[in-house]
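What follows is a single structure, written as structure tokens, with notes after it.
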Amino acid sequence: MGDQRAKRNEDKGQGISPAREMPPPDDVSTVSLLRELVAHLRKNRTQLREEWARRITAAKLLGAMTSEEMFAEATSVYDNYVEVLETGAVEALQAYARDLSERIIPRGVETDEVVGIVLLLRDVLARSLFAKYQTDFQLLNRILDAYEPAANRIANTVAVGFVQERERIIRQQQEAIRELSTPVLQVRERLLILPIIGVIDSQRARQLTEQLLRGIRTNRAKVVVIDITGVAAMDATVANHLVQTVEASRLLGATVIVTGLSPEIAQTLVTIGVDLGKMNTVGDLQGGIEEAERLLGYKVTPFSEISQQPI
Amino acid sequence: MEVPILKQGLYLIASIQAALSDLDLVHLRDALAEKVGKFRARGVIVDVTVLDVMDSFASRTLRDLAHMTRLRGAETVIVGIQPEVAFAMVQLGLTLEGVDTALDLEEGLAFLDKKTKRHASRG
């Protein structure tokens, strides 16, 4: 029996293609078989669900969830699974998979766990079908013919939905990082600082420059300190972006001071021969702000020294 | 379209009102170079706030203007370059080298005050 089943799985191999529309089960016998199947699964819901939950625990899947949560989730997956087997409505399943992913991804559930539990359910249900129809081999064959393609599609849809949800979250986070990582801050009247952290690519450099130029305009800045302590590496392209930023700021009448060049970056820049002659560089952010204050005509004096002076 | 040139104390202020043709720019350059001598001006401000394009000819003409007026005894400062224009300019490699720039008219006046005072104290 096992051999035959393996062979059938091979034949159904082409059924595993992501997000494919489920063809309407036009074959009357398939429809009636699926209906019988669904009735069986509904009848044995409690028992099969428990069996499934037991198998999930045994396989150490969904470790991030408590057993109650897991059981609740398993119940709803089970019901949806059976419903899709009955109606063949892939859209509803896709929506459910998205919803499920939204709930479980923040809990640290991995892709292999999700695929694992769906495949376990498929296995649990198949075994229950074996047990029920083991006396009638012909009928079992036809039942499995109806069941397996549908089950494969469900596994597929859930896996694809999960991965898509992940990708959506990654995209969203990238966007957020991009937005957050380029703050233009005013530290004093007419003095802005722009701390750059992480990797600068062309797109980010452009965004950075645009944001800085807008900041210069709205804050009427005269001096800008760009701190690149948080930039790990710099190549010729990035250095040229920096030079462009400095020059564009100058066209708006602002002086730029670049601070926080690490020894490695300094060496790289000298080696590749980027012309940083137009740039005003100071060792660290503190020095940069002090230089900027000097340019703006500020003098910071400790309060104690002021109070000692005669007024 | 003629650019009005206003005299304000020791300075001349050229306030561009609309997009200029190449010929208008050349006229502006020549008029300023001439008026610097006529009014004995110490500084020139060219306000380009309304320009939303600055091509290579325009930036070269402005640079020439600055150098010409400097030779005739007046400092020039370009004011009001828009952020988008500035960004486009550096991408095209037009950086107005050797020309002073300021955010707006007010800043330009403050800049010239500082610069001419320094010259006066030195001289």
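As shown in the structure tokens, the chain order sets the letters A, B, ...; within each chain, residues go from 1, and ligands are also counted from 1 in the order they appear.
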Check your understanding: Which polymer residues have any atom within 10 Å of an atom of segment 93-104 of chain B, counting only C-alpha atoms, with same-chain residues fewer than 2 positions away left out, as an NGL selection string?
Key -> (:A and (216-217 or 220-222 or 244 or 247-254)) or (:B and (45-49 or 54-67 or 75-83 or 86-91 or 106-112))
**Study point:** Filtered DSSP result for chain B, state helix (DSSP H, G or I), as a ChimeraX atom specification
**Key:** /B:22-38,56-71,83-91,105-122
**Study point:** Test item: residues at most 10 Å from Leu20 of chain B, only C-alpha atoms, excluding those fewer than 6 positions along its chain, as a list in words
**Key:**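 Residues near the query, excluding close chain neighbours: Met1, Glu2, Val3, Val26, Leu28, Leu51, Val53 and Ala58 of chain B.
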Resulting file, chosen residues, C-alpha atoms, as a PDB file, in the first residue's frame:
ATOM      1  CA  MET B   1      12.481  90.231 -19.871  1.00  0.00           C
ATOM      2  CA  GLU B   2      14.446  92.924 -18.099  1.00  0.00           C
ATOM      3  CA  VAL B   3      15.632  92.256 -14.545  1.00  0.00           C
ATOM      4  CA  VAL B  26      23.900  88.044 -20.525  1.00  0.00           C
ATOM      5  CA  LEU B  28      21.879  91.116 -16.582  1.00  0.00           C
ATOM      6  CA  LEU B  51      14.097  80.078 -10.907  1.00  0.00           C
ATOM      7  CA  VAL B  53      15.807  75.467 -13.426  1.00  0.00           C
ATOM      8  CA  ALA B  58      22.937  80.088 -16.330  1.00  0.00           C
TER       9      ALA B  58
END
**Study point:** Distance of atom CA of Arg294 of chain A from atom CA of Leu194 of chain A, expressed in Å to one decimal place
**Key:** 18.3 Å
Practice item. Find the spatial neighbours of Ala74 of chain A, counting only C-alpha atoms, within a cut-off of 12 Å - ignore same-chain residues fewer than 4 positions away - and output them as a PyMOL selection string. Key: chain A and resi 45-46+48-57+61-62+65-70+78-81+100+114+117-118+120-121
Output N, CA and C atoms for every residue in that selection, as a PDB file, in the first residue's frame.
ATOM      1  N   ARG A  45     -14.125  15.303  14.224  1.00  0.00           N
ATOM      2  CA  ARG A  45     -13.375  16.545  14.423  1.00  0.00           C
ATOM      3  C   ARG A  45     -12.567  16.526  15.722  1.00  0.00           C
ATOM      4  N   THR A  46     -13.238  16.266  16.823  1.00  0.00           N
ATOM      5  CA  THR A  46     -12.590  16.338  18.133  1.00  0.00           C
ATOM      6  C   THR A  46     -11.389  15.399  18.203  1.00  0.00           C
ATOM      7  N   LEU A  48      -9.680  13.854  15.772  1.00  0.00           N
ATOM      8  CA  LEU A  48      -8.594  14.135  14.819  1.00  0.00           C
ATOM      9  C   LEU A  48      -7.802  15.370  15.233  1.00  0.00           C
ATOM     10  N   ARG A  49      -8.548  16.338  15.743  1.00  0.00           N
ATOM     11  CA  ARG A  49      -7.895  17.567  16.152  1.00  0.00           C
ATOM     12  C   ARG A  49      -6.933  17.296  17.305  1.00  0.00           C
ATOM     13  N   GLU A  50      -7.382  16.472  18.226  1.00  0.00           N
ATOM     14  CA  GLU A  50      -6.529  16.139  19.362  1.00  0.00           C
ATOM     15  C   GLU A  50      -5.290  15.367  18.917  1.00  0.00           C
ATOM     16  N   GLU A  51      -5.543  14.455  17.999  1.00  0.00           N
ATOM     17  CA  GLU A  51      -4.433  13.674  17.452  1.00  0.00           C
ATOM     18  C   GLU A  51      -3.397  14.607  16.806  1.00  0.00           C
ATOM     19  N   TRP A  52      -3.943  15.562  16.071  1.00  0.00           N
ATOM     20  CA  TRP A  52      -3.057  16.507  15.374  1.00  0.00           C
ATOM     21  C   TRP A  52      -2.245  17.330  16.382  1.00  0.00           C
ATOM     22  N   ALA A  53      -2.952  17.867  17.379  1.00  0.00           N
ATOM     23  CA  ALA A  53      -2.276  18.680  18.402  1.00  0.00           C
ATOM     24  C   ALA A  53      -1.184  17.855  19.091  1.00  0.00           C
ATOM     25  N   ARG A  54      -1.500  16.566  19.330  1.00  0.00           N
ATOM     26  CA  ARG A  54      -0.531  15.688  19.983  1.00  0.00           C
ATOM     27  C   ARG A  54       0.718  15.538  19.100  1.00  0.00           C
ATOM     28  N   ARG A  55       0.470  15.372  17.794  1.00  0.00           N
ATOM     29  CA  ARG A  55       1.588  15.205  16.864  1.00  0.00           C
ATOM     30  C   ARG A  55       2.442  16.479  16.784  1.00  0.00           C
ATOM     31  N   ILE A  56       1.750  17.632  16.825  1.00  0.00           N
ATOM     32  CA  ILE A  56       2.495  18.915  16.770  1.00  0.00           C
ATOM     33  C   ILE A  56       3.417  19.023  17.984  1.00  0.00           C
ATOM     34  N   THR A  57       2.853  18.695  19.162  1.00  0.00           N
ATOM     35  CA  THR A  57       3.659  18.770  20.381  1.00  0.00           C
ATOM     36  C   THR A  57       4.821  17.793  20.299  1.00  0.00           C
ATOM     37  N   LEU A  61       6.863  21.440  17.414  1.00  0.00           N
ATOM     38  CA  LEU A  61       6.581  22.619  16.578  1.00  0.00           C
ATOM     39  C   LEU A  61       5.813  23.634  17.419  1.00  0.00           C
ATOM     40  N   LEU A  62       5.772  24.867  16.931  1.00  0.00           N
ATOM     41  CA  LEU A  62       5.052  25.962  17.602  1.00  0.00           C
ATOM     42  C   LEU A  62       5.466  26.117  19.060  1.00  0.00           C
ATOM     43  N   MET A  65       4.343  29.084  21.305  1.00  0.00           N
ATOM     44  CA  MET A  65       2.976  29.287  21.789  1.00  0.00           C
ATOM     45  C   MET A  65       2.696  28.376  22.988  1.00  0.00           C
ATOM     46  N   THR A  66       1.756  28.825  23.842  1.00  0.00           N
ATOM     47  CA  THR A  66       1.325  27.945  24.926  1.00  0.00           C
ATOM     48  C   THR A  66       0.414  26.874  24.333  1.00  0.00           C
ATOM     49  N   SER A  67       0.200  25.795  25.101  1.00  0.00           N
ATOM     50  CA  SER A  67      -0.572  24.687  24.526  1.00  0.00           C
ATOM     51  C   SER A  67      -2.029  25.106  24.273  1.00  0.00           C
ATOM     52  N   GLU A  68      -2.571  26.030  25.124  1.00  0.00           N
ATOM     53  CA  GLU A  68      -3.953  26.483  24.892  1.00  0.00           C
ATOM     54  C   GLU A  68      -4.053  27.254  23.575  1.00  0.00           C
ATOM     55  N   GLU A  69      -3.074  28.147  23.403  1.00  0.00           N
ATOM     56  CA  GLU A  69      -3.080  28.944  22.162  1.00  0.00           C
ATOM     57  C   GLU A  69      -2.953  28.036  20.960  1.00  0.00           C
ATOM     58  N   MET A  70      -2.049  27.078  21.105  1.00  0.00           N
ATOM     59  CA  MET A  70      -1.810  26.181  19.995  1.00  0.00           C
ATOM     60  C   MET A  70      -3.082  25.416  19.654  1.00  0.00           C
ATOM     61  N   TYR A  78      -7.985  23.700  11.522  1.00  0.00           N
ATOM     62  CA  TYR A  78      -8.693  22.463  11.156  1.00  0.00           C
ATOM     63  C   TYR A  78     -10.011  22.783  10.456  1.00  0.00           C
ATOM     64  N   ASP A  79     -10.798  23.685  11.067  1.00  0.00           N
ATOM     65  CA  ASP A  79     -12.103  24.016  10.498  1.00  0.00           C
ATOM     66  C   ASP A  79     -11.968  24.649   9.123  1.00  0.00           C
ATOM     67  N   ASN A  80     -10.985  25.519   8.998  1.00  0.00           N
ATOM     68  CA  ASN A  80     -10.771  26.153   7.691  1.00  0.00           C
ATOM     69  C   ASN A  80     -10.343  25.140   6.658  1.00  0.00           C
ATOM     70  N   TYR A  81      -9.488  24.260   7.101  1.00  0.00           N
ATOM     71  CA  TYR A  81      -8.964  23.209   6.214  1.00  0.00           C
ATOM     72  C   TYR A  81     -10.124  22.396   5.638  1.00  0.00           C
ATOM     73  N   LEU A 100      -3.739  34.477   9.566  1.00  0.00           N
ATOM     74  CA  LEU A 100      -2.995  33.603  10.481  1.00  0.00           C
ATOM     75  C   LEU A 100      -1.541  34.070  10.595  1.00  0.00           C
ATOM     76  N   VAL A 114       5.201  26.412  10.228  1.00  0.00           N
ATOM     77  CA  VAL A 114       3.875  26.540   9.611  1.00  0.00           C
ATOM     78  C   VAL A 114       3.677  25.444   8.574  1.00  0.00           C
ATOM     79  N   ILE A 117       3.206  22.065  10.374  1.00  0.00           N
ATOM     80  CA  ILE A 117       1.920  21.712  10.991  1.00  0.00           C
ATOM     81  C   ILE A 117       0.875  21.410   9.929  1.00  0.00           C
ATOM     82  N   VAL A 118       0.930  22.131   8.796  1.00  0.00           N
ATOM     83  CA  VAL A 118      -0.051  21.860   7.749  1.00  0.00           C
ATOM     84  C   VAL A 118       0.183  20.467   7.165  1.00  0.00           C
ATOM     85  N   LEU A 120       1.546  18.003   8.752  1.00  0.00           N
ATOM     86  CA  LEU A 120       1.141  17.048   9.791  1.00  0.00           C
ATOM     87  C   LEU A 120      -0.360  16.805   9.739  1.00  0.00           C
ATOM     88  N   LEU A 121      -1.107  17.893   9.571  1.00  0.00           N
ATOM     89  CA  LEU A 121      -2.568  17.757   9.506  1.00  0.00           C
ATOM     90  C   LEU A 121      -2.952  16.892   8.305  1.00  0.00           C
TER      91      LEU A 121
END
Practice item. List the neighbours of Leu12 of chain B out to 10 Å using only C-alpha atoms; skip same-chain residues closer than 3 positions along the sequence, and give me the result as number ranges by chain. Key: B: 5-9, 15, 32, 35-36, 39-46, 74, 76
Write the residues you've just listed into a file as a CSV table (one decimal), in the first residue's frame, and include C-alpha atoms for each of them.
chain,number,residue,atom,x,y,z
B,5,ILE,CA,18.3,96.3,-10.5
B,6,LEU,CA,17.7,98.2,-7.2
B,7,LYS,CA,20.2,100.3,-5.4
B,8,GLN,CA,20.2,99.8,-1.6
B,9,GLY,CA,22.9,101.7,0.1
B,15,SER,CA,15.7,90.5,-8.3
B,32,LEU,CA,25.5,94.7,-13.3
B,35,LYS,CA,26.3,99.6,-12.7
B,36,VAL,CA,28.8,98.4,-10.1
B,39,PHE,CA,27.1,103.5,-8.4
B,40,ARG,CA,30.4,102.6,-6.7
B,41,ALA,CA,28.7,99.6,-5.2
B,42,ARG,CA,30.5,97.3,-2.7
B,43,GLY,CA,28.2,94.4,-3.1
B,44,VAL,CA,25.8,92.7,-5.5
B,45,ILE,CA,22.9,90.4,-4.6
B,46,VAL,CA,21.3,88.3,-7.3
B,74,ALA,CA,32.2,94.5,-5.5
B,76,THR,CA,28.5,89.1,-5.4
Exercise for review: Using DSSP on the backbone, list every residue of segment 32-84 of chain B that comes out as strand (DSSP E), and give them as number ranges by chain.
Suggested key: B: 43-47, 75-79
Check your understanding: Can you tell me, as number ranges by chain, what residues are no more than 12 Å from segment 88-93 of chain A when counting only C-alpha atoms, ignoring any on the same chain fewer than 2 positions away?
Key -> A: 18-26, 30-31, 34-35, 38, 76-86, 95-101, 146-147, 149-151, 153-162
Go ahead and write the residues just picked, N, CA and C atoms, as a short mmCIF file (atom, residue, chain, number, x, y, z; two decimals), in the first residue's frame.
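Generated file (again.cif):
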data_model
loop_
_atom_site.label_atom_id
_atom_site.label_comp_id
_atom_site.auth_asym_id
_atom_site.auth_seq_id
_atom_site.Cartn_x
_atom_site.Cartn_y
_atom_site.Cartn_z
N PRO A 18 2.79 27.09 -6.72
CA PRO A 18 2.28 28.06 -5.78
C PRO A 18 1.11 28.87 -6.33
N ALA A 19 0.15 29.13 -5.45
CA ALA A 19 -0.95 30.06 -5.72
C ALA A 19 -1.69 29.77 -7.02
N ARG A 20 -1.85 28.50 -7.35
CA ARG A 20 -2.58 28.22 -8.58
C ARG A 20 -4.06 28.15 -8.27
N GLU A 21 -4.85 28.63 -9.21
CA GLU A 21 -6.29 28.57 -9.02
C GLU A 21 -6.72 27.12 -8.89
N MET A 22 -7.63 26.90 -7.96
CA MET A 22 -8.13 25.55 -7.81
C MET A 22 -9.24 25.33 -8.86
N PRO A 23 -9.08 24.36 -9.73
CA PRO A 23 -10.11 24.17 -10.75
C PRO A 23 -11.38 23.65 -10.10
N PRO A 24 -12.52 24.08 -10.60
CA PRO A 24 -13.76 23.60 -10.01
C PRO A 24 -13.87 22.08 -10.17
N PRO A 25 -14.19 21.38 -9.11
CA PRO A 25 -14.29 19.93 -9.22
C PRO A 25 -15.51 19.53 -10.06
N ASP A 26 -15.30 19.48 -11.36
CA ASP A 26 -16.42 19.23 -12.26
C ASP A 26 -16.82 17.76 -12.26
N THR A 30 -15.85 12.97 -7.99
CA THR A 30 -14.91 13.66 -7.11
C THR A 30 -15.66 14.50 -6.09
N VAL A 31 -16.70 15.21 -6.60
CA VAL A 31 -17.48 16.07 -5.70
C VAL A 31 -18.13 15.24 -4.60
N LEU A 34 -15.51 13.99 -2.17
CA LEU A 34 -15.04 15.04 -1.26
C LEU A 34 -16.09 15.31 -0.19
N ARG A 35 -17.37 15.26 -0.62
CA ARG A 35 -18.44 15.53 0.33
C ARG A 35 -18.44 14.46 1.43
N VAL A 38 -15.49 15.10 3.68
CA VAL A 38 -15.70 16.22 4.60
C VAL A 38 -16.62 15.78 5.73
N SER A 76 -8.98 26.32 14.66
CA SER A 76 -9.45 27.16 13.56
C SER A 76 -8.80 26.74 12.25
N VAL A 77 -7.54 26.29 12.31
CA VAL A 77 -6.90 25.81 11.08
C VAL A 77 -7.65 24.57 10.58
N TYR A 78 -7.99 23.70 11.52
CA TYR A 78 -8.69 22.46 11.16
C TYR A 78 -10.01 22.78 10.46
N ASP A 79 -10.80 23.68 11.07
CA ASP A 79 -12.10 24.02 10.50
C ASP A 79 -11.97 24.65 9.12
N ASN A 80 -10.98 25.52 9.00
CA ASN A 80 -10.77 26.15 7.69
C ASN A 80 -10.34 25.14 6.66
N TYR A 81 -9.49 24.26 7.10
CA TYR A 81 -8.96 23.21 6.21
C TYR A 81 -10.12 22.40 5.64
N VAL A 82 -10.99 21.94 6.53
CA VAL A 82 -12.12 21.12 6.11
C VAL A 82 -13.05 21.93 5.20
N GLU A 83 -13.25 23.20 5.54
CA GLU A 83 -14.14 24.02 4.75
C GLU A 83 -13.62 24.19 3.32
N VAL A 84 -12.31 24.40 3.21
CA VAL A 84 -11.74 24.57 1.87
C VAL A 84 -11.82 23.26 1.10
N LEU A 85 -11.62 22.16 1.80
CA LEU A 85 -11.78 20.86 1.13
C LEU A 85 -13.18 20.76 0.54
N GLU A 86 -14.15 21.26 1.29
CA GLU A 86 -15.54 21.15 0.87
C GLU A 86 -15.87 22.11 -0.27
N ALA A 95 -7.03 34.39 2.34
CA ALA A 95 -7.30 35.43 3.34
C ALA A 95 -7.00 34.90 4.73
N TYR A 96 -7.42 33.64 4.97
CA TYR A 96 -7.18 33.06 6.29
C TYR A 96 -5.68 32.91 6.55
N ALA A 97 -4.93 32.46 5.52
CA ALA A 97 -3.49 32.27 5.68
C ALA A 97 -2.81 33.60 6.01
N ARG A 98 -3.28 34.65 5.34
CA ARG A 98 -2.71 35.98 5.60
C ARG A 98 -2.97 36.40 7.04
N ASP A 99 -4.21 36.19 7.42
CA ASP A 99 -4.64 36.56 8.77
C ASP A 99 -3.85 35.78 9.82
N LEU A 100 -3.74 34.48 9.57
CA LEU A 100 -2.99 33.60 10.48
C LEU A 100 -1.54 34.07 10.59
N SER A 101 -0.93 34.35 9.43
CA SER A 101 0.47 34.77 9.42
C SER A 101 0.64 36.06 10.21
N ALA A 146 -9.08 12.16 -4.66
CA ALA A 146 -9.82 13.42 -4.46
C ALA A 146 -9.15 14.26 -3.38
N TYR A 147 -8.66 13.57 -2.35
CA TYR A 147 -8.18 14.29 -1.18
C TYR A 147 -6.81 14.95 -1.41
N PRO A 149 -4.79 16.05 -4.04
CA PRO A 149 -4.55 17.33 -4.74
C PRO A 149 -5.08 18.51 -3.95
N ALA A 150 -6.26 18.33 -3.38
CA ALA A 150 -6.85 19.43 -2.60
C ALA A 150 -5.96 19.74 -1.39
N ALA A 151 -5.50 18.70 -0.72
CA ALA A 151 -4.66 18.91 0.46
C ALA A 151 -3.35 19.57 0.09
N ARG A 153 -2.87 21.58 -2.40
CA ARG A 153 -3.10 22.99 -2.69
C ARG A 153 -3.24 23.80 -1.42
N ILE A 154 -3.89 23.19 -0.44
CA ILE A 154 -4.06 23.92 0.83
C ILE A 154 -2.69 24.18 1.46
N ALA A 155 -1.85 23.14 1.49
CA ALA A 155 -0.51 23.30 2.08
C ALA A 155 0.26 24.41 1.37
N ASN A 156 0.13 24.36 0.04
CA ASN A 156 0.79 25.38 -0.78
C ASN A 156 0.32 26.78 -0.46
N THR A 157 -1.01 26.93 -0.45
CA THR A 157 -1.58 28.26 -0.24
C THR A 157 -1.14 28.82 1.10
N VAL A 158 -1.17 27.96 2.12
CA VAL A 158 -0.79 28.44 3.45
C VAL A 158 0.69 28.85 3.46
N ALA A 159 1.54 28.01 2.86
CA ALA A 159 2.97 28.31 2.86
C ALA A 159 3.24 29.61 2.10
N VAL A 160 2.61 29.74 0.92
CA VAL A 160 2.83 30.94 0.11
C VAL A 160 2.31 32.16 0.84
N GLY A 161 1.14 32.02 1.47
CA GLY A 161 0.57 33.14 2.22
C GLY A 161 1.50 33.58 3.33
N PHE A 162 2.08 32.60 4.00
CA PHE A 162 2.99 32.91 5.11
C PHE A 162 4.22 33.67 4.62
#
Point to revise | Shell around Phe130 of chain A at 12 Å using only C-alpha atoms, local window under 2 positions removed, as a count of residues only | key: 24
